[in-house]
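my_file-v9.cif (mmCIF, C-alpha atoms) appears below.
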```cif
data_model
#
loop_
_atom_site.label_atom_id
_atom_site.label_comp_id
_atom_site.auth_asym_id
_atom_site.auth_seq_id
_atom_site.Cartn_x
_atom_site.Cartn_y
_atom_site.Cartn_z
CA MET A 3 -13.61 -65.42 79.09
CA LYS A 4 -12.26 -62.60 81.22
CA LYS A 5 -9.44 -62.09 78.69
CA THR A 6 -11.96 -61.82 75.85
CA ILE A 7 -14.04 -59.21 77.66
CA LEU A 8 -10.89 -57.37 78.66
CA THR A 9 -9.68 -57.39 75.04
CA ILE A 10 -13.03 -56.09 73.77
CA ALA A 11 -13.04 -53.36 76.42
CA ILE A 12 -9.51 -52.25 75.55
CA LEU A 13 -10.24 -52.19 71.81
CA THR A 14 -13.47 -50.27 72.37
CA ALA A 15 -11.76 -47.73 74.63
CA SER A 16 -8.89 -47.22 72.19
CA ALA A 17 -11.31 -46.66 69.32
CA PHE A 18 -12.68 -43.61 71.13
CA ALA A 19 -9.34 -42.27 72.29
CA ASN A 20 -8.45 -39.81 69.53
CA ALA A 21 -5.82 -37.15 69.77
CA GLU A 22 -7.02 -33.64 68.94
CA TYR A 23 -4.74 -31.02 67.46
CA MET A 24 -5.49 -27.42 66.68
CA ILE A 25 -3.22 -25.17 64.64
CA GLN A 26 -3.71 -21.43 64.84
CA ILE A 27 -2.22 -19.28 62.11
CA PRO A 28 -2.48 -15.57 62.85
CA LEU A 29 -3.89 -13.68 59.89
CA GLU A 30 -5.06 -10.33 61.22
CA ALA A 31 -2.86 -7.82 63.03
CA SER A 32 -4.61 -8.36 66.37
CA GLY A 33 -3.45 -11.99 66.35
CA GLY A 34 0.05 -11.20 65.08
CA GLY A 35 -0.70 -11.54 61.34
CA ALA A 36 -0.13 -9.17 58.45
CA LEU A 37 -3.74 -8.43 57.40
CA PRO A 38 -5.60 -5.42 58.76
CA ASN A 39 -8.09 -6.10 61.56
CA GLY A 40 -11.61 -6.76 60.27
CA SER A 41 -10.44 -7.64 56.77
CA ILE A 42 -11.63 -11.24 57.10
CA GLN A 43 -15.35 -11.67 57.54
CA ILE A 44 -17.02 -15.04 57.39
CA VAL A 45 -20.69 -14.76 56.52
CA LYS A 46 -23.35 -17.22 55.51
CA ASN A 47 -24.48 -16.71 51.94
CA GLU A 48 -28.22 -16.65 52.18
CA VAL A 49 -30.64 -15.97 49.36
CA ASN A 50 -33.01 -13.16 50.26
CA PRO A 51 -34.51 -10.13 48.51
CA THR A 52 -31.38 -8.05 49.18
CA ASN A 53 -29.10 -10.86 48.01
CA PRO A 54 -30.95 -12.65 45.16
CA VAL A 55 -29.55 -15.60 43.28
CA PRO A 56 -27.77 -14.25 40.19
CA GLU A 57 -29.39 -15.26 36.94
CA PRO A 58 -27.26 -17.47 34.74
CA VAL A 59 -25.54 -15.52 31.99
CA GLU A 60 -25.18 -16.98 28.54
CA PRO A 61 -21.59 -16.73 27.34
CA GLU A 62 -21.29 -14.44 24.35
CA THR A 63 -20.39 -16.17 21.14
CA PRO A 64 -17.42 -14.48 19.53
CA ALA A 65 -18.15 -12.57 16.37
CA GLU A 66 -16.82 -14.05 13.19
CA PRO A 67 -13.55 -12.47 12.14
CA ALA A 68 -13.69 -10.00 9.30
CA PRO A 69 -12.71 -11.54 5.99
CA ALA A 70 -9.09 -11.06 5.05
CA LEU A 71 -8.35 -8.27 2.62
CA THR A 72 -7.30 -9.17 -0.88
CA GLY A 73 -3.91 -7.93 -2.02
CA GLU A 74 -5.55 -5.18 -4.06
CA GLN A 75 -7.63 -4.02 -1.07
CA ALA A 76 -4.61 -4.09 1.24
CA CYS A 77 -2.57 -1.96 -1.16
CA ALA A 78 -5.44 0.49 -1.67
CA ALA A 79 -5.58 0.85 2.13
CA ARG A 80 -1.85 1.72 2.12
CA GLU A 81 -2.15 4.52 -0.46
CA ASN A 82 -1.50 7.25 2.12
CA ASP A 83 1.61 5.36 3.27
CA ALA A 84 2.77 5.15 -0.35
CA ARG A 85 2.19 8.87 -0.91
CA SER A 86 4.17 9.65 2.27
CA PHE A 87 6.95 7.32 1.18
CA VAL A 88 7.40 9.16 -2.12
CA ALA A 89 7.19 12.58 -0.45
CA ASN A 90 9.79 11.65 2.18
CA ASN A 91 12.23 9.61 0.09
CA VAL A 92 12.18 10.87 -3.51
CA VAL A 93 13.58 14.32 -4.29
CA ASN A 94 11.11 16.08 -6.62
CA GLY A 95 9.18 12.80 -6.95
CA VAL A 96 5.52 12.75 -8.00
CA PHE A 97 3.29 9.92 -6.75
CA GLU A 98 1.13 8.32 -9.44
CA TYR A 99 -0.49 5.20 -7.92
CA VAL A 100 0.01 2.10 -5.78
CA GLU A 101 -0.98 -1.39 -6.90
CA PHE A 102 -0.79 -4.97 -5.72
CA HIS A 103 2.27 -6.68 -7.17
CA ASP A 104 2.32 -10.46 -7.06
CA ILE A 105 5.41 -12.02 -8.57
CA PRO A 106 5.03 -15.74 -9.40
CA ASN A 107 7.00 -17.97 -7.02
CA ASP A 108 7.63 -15.00 -4.71
CA THR A 109 6.66 -15.66 -1.10
CA SER A 110 6.17 -12.00 -0.26
CA PRO A 111 3.96 -10.13 -2.72
CA THR A 112 4.05 -6.41 -2.07
CA CYS A 113 2.41 -3.15 -2.91
CA ARG A 114 4.19 -1.49 -5.84
CA ILE A 115 4.39 2.28 -6.05
CA ARG A 116 4.54 4.05 -9.39
CA PHE A 117 6.09 7.52 -9.30
CA THR A 118 8.07 9.87 -11.48
CA ALA A 119 11.46 11.30 -10.56
CA PRO A 120 14.02 13.55 -12.25
CA LYS A 121 16.30 11.56 -14.51
CA ALA A 122 19.24 13.79 -13.54
CA LEU A 123 18.91 12.67 -9.89
CA TYR A 124 18.06 8.96 -10.13
CA SER A 125 19.18 7.51 -13.47
CA SER A 126 22.46 5.63 -13.32
CA PHE A 127 23.03 6.38 -17.00
CA CYS A 128 23.68 10.09 -16.58
CA ALA A 129 27.38 10.71 -17.25
CA GLY A 130 29.36 12.32 -14.48
CA VAL A 131 26.86 11.68 -11.69
CA GLU A 132 26.62 7.88 -11.82
CA ASP A 133 28.00 7.39 -8.31
CA ASP A 134 25.69 9.96 -6.73
CA ASN A 135 22.67 8.61 -8.56
CA ASN A 136 23.55 5.00 -7.70
CA ALA A 137 23.89 5.92 -4.02
CA ARG A 138 20.52 7.72 -4.14
CA SER A 139 18.90 4.71 -5.85
CA ILE A 140 20.37 2.24 -3.34
CA ALA A 141 19.10 4.35 -0.43
CA LEU A 142 15.67 4.43 -2.09
CA MET A 143 15.67 0.64 -2.56
CA ASN A 144 16.56 0.08 1.10
CA ALA A 145 13.85 2.48 2.28
CA ALA A 146 11.27 0.79 0.04
CA LYS A 147 12.21 -2.64 1.36
CA ALA A 148 11.95 -1.43 4.96
CA ALA A 149 8.49 0.03 4.22
CA ASN A 150 7.44 -3.22 2.45
CA PHE A 151 7.02 -1.54 -0.91
CA SER A 152 8.45 -2.14 -4.33
CA TYR A 153 8.47 0.62 -6.93
CA VAL A 154 8.64 1.58 -10.57
CA VAL A 155 10.18 4.92 -11.58
CA GLY A 156 9.21 6.91 -14.59
CA TYR A 157 12.08 9.29 -15.31
CA THR A 158 11.35 12.88 -16.26
CA GLY A 159 13.66 15.43 -17.81
CA VAL A 160 17.14 14.87 -19.14
CA CYS A 161 20.60 14.25 -17.76
CA LYS A 162 22.52 17.44 -17.08
#
```
Could I get this file's structure written as C-alpha coordinates?
Amino acid sequence: MKKTILTIAILTASAFANAEYMIQIPLEASGGGALPNGSIQIVKNEVNPTNPVPEPVEPETPAEPAPALTGEQACAARENDARSFVANNVVNGVFEYVEFHDIPNDTSPTCRIRFTAPKALYSSFCAGVEDDNNARSIALMNAAKAANFSYVVGYTGVCK
(Lines of atoms letter the chains of each structure in order from A and count residues from 1; the text may use other names and numbers.)
(Lines give C-alpha, C1' and ligand atoms only; values in the text may rest on other atoms or scores of the structure.)
Protein backbone atom coordinates (compact mmCIF):
# COMPACT_ATOMS: atom_id res chain seq x y z
CA MET A 1 0.00 0.00 0.00
CA LYS A 2 2.92 2.30 0.71
CA LYS A 3 4.16 1.77 -2.86
CA THR A 4 0.76 2.73 -4.26
CA ILE A 5 0.61 5.95 -2.25
CA LEU A 6 4.21 6.70 -3.14
CA THR A 7 3.45 6.14 -6.83
CA ILE A 8 0.39 8.41 -6.68
CA ALA A 9 2.40 11.10 -4.89
CA ILE A 10 5.22 10.96 -7.44
CA LEU A 11 2.81 11.11 -10.39
CA THR A 12 0.91 14.00 -8.83
CA ALA A 13 4.11 15.92 -8.10
CA SER A 14 5.45 15.37 -11.61
CA ALA A 15 2.19 16.59 -13.14
CA PHE A 16 2.75 19.99 -11.52
CA ALA A 17 6.45 20.21 -12.27
CA ASN A 18 6.51 22.13 -15.55
CA ALA A 19 9.52 23.79 -17.02
CA GLU A 20 9.06 27.46 -17.88
CA TYR A 21 10.94 29.14 -20.70
CA MET A 22 10.90 32.75 -21.72
CA ILE A 23 12.40 34.06 -24.96
CA GLN A 24 13.10 37.76 -25.27
CA ILE A 25 13.59 39.19 -28.73
CA PRO A 26 14.72 42.81 -28.68
CA LEU A 27 12.62 44.95 -31.00
CA GLU A 28 13.19 48.54 -29.94
CA ALA A 29 16.57 50.27 -29.83
CA SER A 30 16.59 50.45 -26.02
CA GLY A 31 16.58 46.65 -25.87
CA GLY A 32 19.08 46.20 -28.70
CA GLY A 33 16.55 45.98 -31.56
CA ALA A 34 16.25 47.93 -34.79
CA LEU A 35 12.94 49.76 -34.24
CA PRO A 36 12.86 53.27 -32.79
CA ASN A 37 11.96 53.54 -29.09
CA GLY A 38 8.24 54.02 -28.51
CA SER A 39 7.27 52.67 -31.93
CA ILE A 40 5.48 49.67 -30.42
CA GLN A 41 2.48 50.50 -28.28
CA ILE A 42 0.11 47.86 -27.02
CA VAL A 43 -3.29 49.29 -26.19
CA LYS A 44 -6.65 47.79 -25.41
CA ASN A 45 -9.18 48.51 -28.12
CA GLU A 46 -12.16 49.79 -26.24
CA VAL A 47 -15.36 51.12 -27.74
CA ASN A 48 -16.15 54.58 -26.43
CA PRO A 49 -17.43 57.87 -27.87
CA THR A 50 -13.95 58.84 -29.08
CA ASN A 51 -13.38 55.39 -30.59
CA PRO A 52 -16.77 54.20 -31.90
CA VAL A 53 -17.32 50.88 -33.61
CA PRO A 54 -16.98 51.46 -37.36
CA GLU A 55 -20.17 50.91 -39.29
CA PRO A 56 -20.06 48.04 -41.74
CA VAL A 57 -19.45 49.22 -45.28
CA GLU A 58 -21.21 47.58 -48.17
CA PRO A 59 -18.75 46.61 -50.88
CA GLU A 60 -19.33 48.55 -54.07
CA THR A 61 -20.61 46.50 -56.94
CA PRO A 62 -18.47 47.06 -60.01
CA ALA A 63 -20.10 48.99 -62.80
CA GLU A 64 -20.94 47.04 -65.89
CA PRO A 65 -18.30 47.42 -68.58
CA ALA A 66 -19.14 49.68 -71.46
CA PRO A 67 -20.35 47.78 -74.50
CA ALA A 68 -17.66 47.02 -77.04
CA LEU A 69 -17.48 49.32 -80.03
CA THR A 70 -18.55 47.99 -83.38
CA GLY A 71 -15.95 48.01 -86.13
CA GLU A 72 -17.57 51.07 -87.70
CA GLN A 73 -17.53 52.95 -84.38
CA ALA A 74 -13.92 51.99 -83.70
CA CYS A 75 -12.81 53.24 -87.12
CA ALA A 76 -14.79 56.47 -86.75
CA ALA A 77 -12.96 57.01 -83.43
CA ARG A 78 -9.64 56.61 -85.29
CA GLU A 79 -10.39 59.25 -87.93
CA ASN A 80 -7.86 61.72 -86.49
CA ASP A 81 -5.22 58.96 -86.52
CA ALA A 82 -6.07 58.25 -90.17
CA ARG A 83 -5.83 61.93 -91.11
CA SER A 84 -2.43 62.15 -89.36
CA PHE A 85 -1.28 58.99 -91.12
CA VAL A 86 -2.01 60.46 -94.55
CA ALA A 87 -0.46 63.82 -93.65
CA ASN A 88 2.74 62.19 -92.34
CA ASN A 89 3.21 59.38 -94.87
CA VAL A 90 1.76 60.46 -98.23
CA VAL A 91 3.46 63.23 -100.20
CA ASN A 92 0.74 65.61 -101.46
CA GLY A 93 -1.90 63.13 -100.27
CA VAL A 94 -5.47 64.23 -99.53
CA PHE A 95 -7.48 62.34 -96.89
CA GLU A 96 -11.01 61.43 -97.97
CA TYR A 97 -12.45 59.06 -95.33
CA VAL A 98 -11.83 56.06 -93.09
CA GLU A 99 -14.13 53.05 -92.95
CA PHE A 100 -14.36 49.64 -91.33
CA HIS A 101 -12.98 46.98 -93.64
CA ASP A 102 -13.89 43.39 -92.85
CA ILE A 103 -12.47 40.86 -95.26
CA PRO A 104 -14.19 37.44 -95.10
CA ASN A 105 -11.99 34.77 -93.48
CA ASP A 106 -9.55 37.46 -92.31
CA THR A 107 -8.78 37.29 -88.60
CA SER A 108 -7.80 40.94 -88.34
CA PRO A 109 -10.33 43.33 -89.86
CA THR A 110 -8.94 46.85 -90.04
CA CYS A 111 -9.84 50.43 -90.65
CA ARG A 112 -9.34 51.30 -94.33
CA ILE A 113 -8.27 54.79 -95.32
CA ARG A 114 -9.30 56.28 -98.64
CA PHE A 115 -7.03 59.06 -99.92
CA THR A 116 -5.81 60.55 -103.16
CA ALA A 117 -2.16 60.83 -104.15
CA PRO A 118 -0.25 62.05 -107.20
CA LYS A 119 0.02 59.34 -109.83
CA ALA A 120 3.52 60.52 -110.72
CA LEU A 121 4.73 59.71 -107.17
CA TYR A 122 2.91 56.48 -106.29
CA SER A 123 1.83 54.61 -109.43
CA SER A 124 4.13 51.78 -110.41
CA PHE A 125 3.01 52.16 -114.03
CA CYS A 126 4.76 55.46 -114.66
CA ALA A 127 7.67 54.81 -117.02
CA GLY A 128 11.10 55.79 -115.80
CA VAL A 129 10.20 56.11 -112.12
CA GLU A 130 8.92 52.60 -111.40
CA ASP A 131 11.65 51.82 -108.86
CA ASP A 132 11.18 55.06 -106.94
CA ASN A 133 7.41 54.70 -106.92
CA ASN A 134 7.60 51.04 -105.88
CA ALA A 135 9.92 51.94 -102.99
CA ARG A 136 7.54 54.73 -101.93
CA SER A 137 4.55 52.35 -102.12
CA ILE A 138 6.33 49.63 -100.11
CA ALA A 139 7.26 52.15 -97.41
CA LEU A 140 3.62 53.29 -97.34
CA MET A 141 2.37 49.69 -97.03
CA ASN A 142 4.74 49.01 -94.12
CA ALA A 143 3.71 52.21 -92.33
CA ALA A 144 0.02 51.36 -92.81
CA LYS A 145 0.52 47.87 -91.42
CA ALA A 146 2.38 49.24 -88.39
CA ALA A 147 -0.47 51.72 -87.77
CA ASN A 148 -3.07 48.93 -88.22
CA PHE A 149 -4.61 50.52 -91.29
CA SER A 150 -5.24 49.35 -94.80
CA TYR A 151 -5.75 51.85 -97.60
CA VAL A 152 -7.12 52.57 -101.04
CA VAL A 153 -5.43 55.18 -103.25
CA GLY A 154 -7.17 57.26 -105.82
CA TYR A 155 -4.49 58.54 -108.19
CA THR A 156 -4.60 62.13 -109.37
CA GLY A 157 -2.74 63.73 -112.26
CA VAL A 158 -0.65 62.02 -114.87
CA CYS A 159 2.73 60.35 -115.10
CA LYS A 160 5.52 62.76 -115.98
*Using all atoms listed in the file, pick whichever of A:Pro106, A:Ile44, A:Val155, A:Ala79 has the shortest atom-to-atom distance to A:Val92.*
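Looking at the shortest contact to A:Val92, the residue is A:Val155.
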Selection near A:Asn94, 12 Å with all atoms listed in the file, sequence-local residues under 4 positions removed, as a PDB file with C-alpha atoms, in the coordinates of the input:
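Contents of result-v2.pdb, as written:
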```pdb
ATOM      1  CA  VAL A  88       7.400   9.160  -2.120  1.00  0.00           C
ATOM      2  CA  ALA A  89       7.190  12.580  -0.450  1.00  0.00           C
ATOM      3  CA  ASN A  90       9.790  11.650   2.180  1.00  0.00           C
ATOM      4  CA  PHE A 117       6.090   7.520  -9.300  1.00  0.00           C
ATOM      5  CA  THR A 118       8.070   9.870 -11.480  1.00  0.00           C
ATOM      6  CA  ALA A 119      11.460  11.300 -10.560  1.00  0.00           C
ATOM      7  CA  PRO A 120      14.020  13.550 -12.250  1.00  0.00           C
ATOM      8  CA  LYS A 121      16.300  11.560 -14.510  1.00  0.00           C
ATOM      9  CA  ALA A 122      19.240  13.790 -13.540  1.00  0.00           C
ATOM     10  CA  LEU A 123      18.910  12.670  -9.890  1.00  0.00           C
ATOM     11  CA  TYR A 124      18.060   8.960 -10.130  1.00  0.00           C
ATOM     12  CA  TYR A 157      12.080   9.290 -15.310  1.00  0.00           C
ATOM     13  CA  THR A 158      11.350  12.880 -16.260  1.00  0.00           C
ATOM     14  CA  GLY A 159      13.660  15.430 -17.810  1.00  0.00           C
TER      15      GLY A 159
END
```
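For the pair atom CA of A:Ala129 and atom CA of A:Cys161, the interatomic distance is 7.7 Å.
When atom CA of A:Asn135 is paired with atom CA of A:Ala149, their separation reads 20.9 Å.
With distances taken over all atoms listed in the file, A:Leu29 is the one residue among A:Glu74, A:Val55, A:Leu29, A:Arg80 lying closest to A:Ser41.
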*Kindly give the distance, in Å, that separates atom CA of A:Ala146 and atom CA of A:Pro69, rounded to a single decimal.*
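Atom CA of A:Ala146 sits 27.6 Å away from atom CA of A:Pro69.
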*Enumerate, as a list in words, the residues matched when the PyMOL selection byres ((chain A and resi 97-104) around 6) is run on the file above.*
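Selection result, ordered by chain and number: Gly73, Glu74, Cys77, Val96, Ile105, Pro111, Thr112, Cys113, Arg114, Ile115, Arg116 and Phe117 of chain A.
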Write a file of the selected residues as a CSV table (one decimal), keeping the file's coordinate frame, keeping C-alpha atoms.
```csv
chain,number,residue,atom,x,y,z
A,73,GLY,CA,-3.9,-7.9,-2.0
A,74,GLU,CA,-5.6,-5.2,-4.1
A,77,CYS,CA,-2.6,-2.0,-1.2
A,96,VAL,CA,5.5,12.8,-8.0
A,105,ILE,CA,5.4,-12.0,-8.6
A,111,PRO,CA,4.0,-10.1,-2.7
A,112,THR,CA,4.0,-6.4,-2.1
A,113,CYS,CA,2.4,-3.2,-2.9
A,114,ARG,CA,4.2,-1.5,-5.8
A,115,ILE,CA,4.4,2.3,-6.0
A,116,ARG,CA,4.5,4.0,-9.4
A,117,PHE,CA,6.1,7.5,-9.3
```
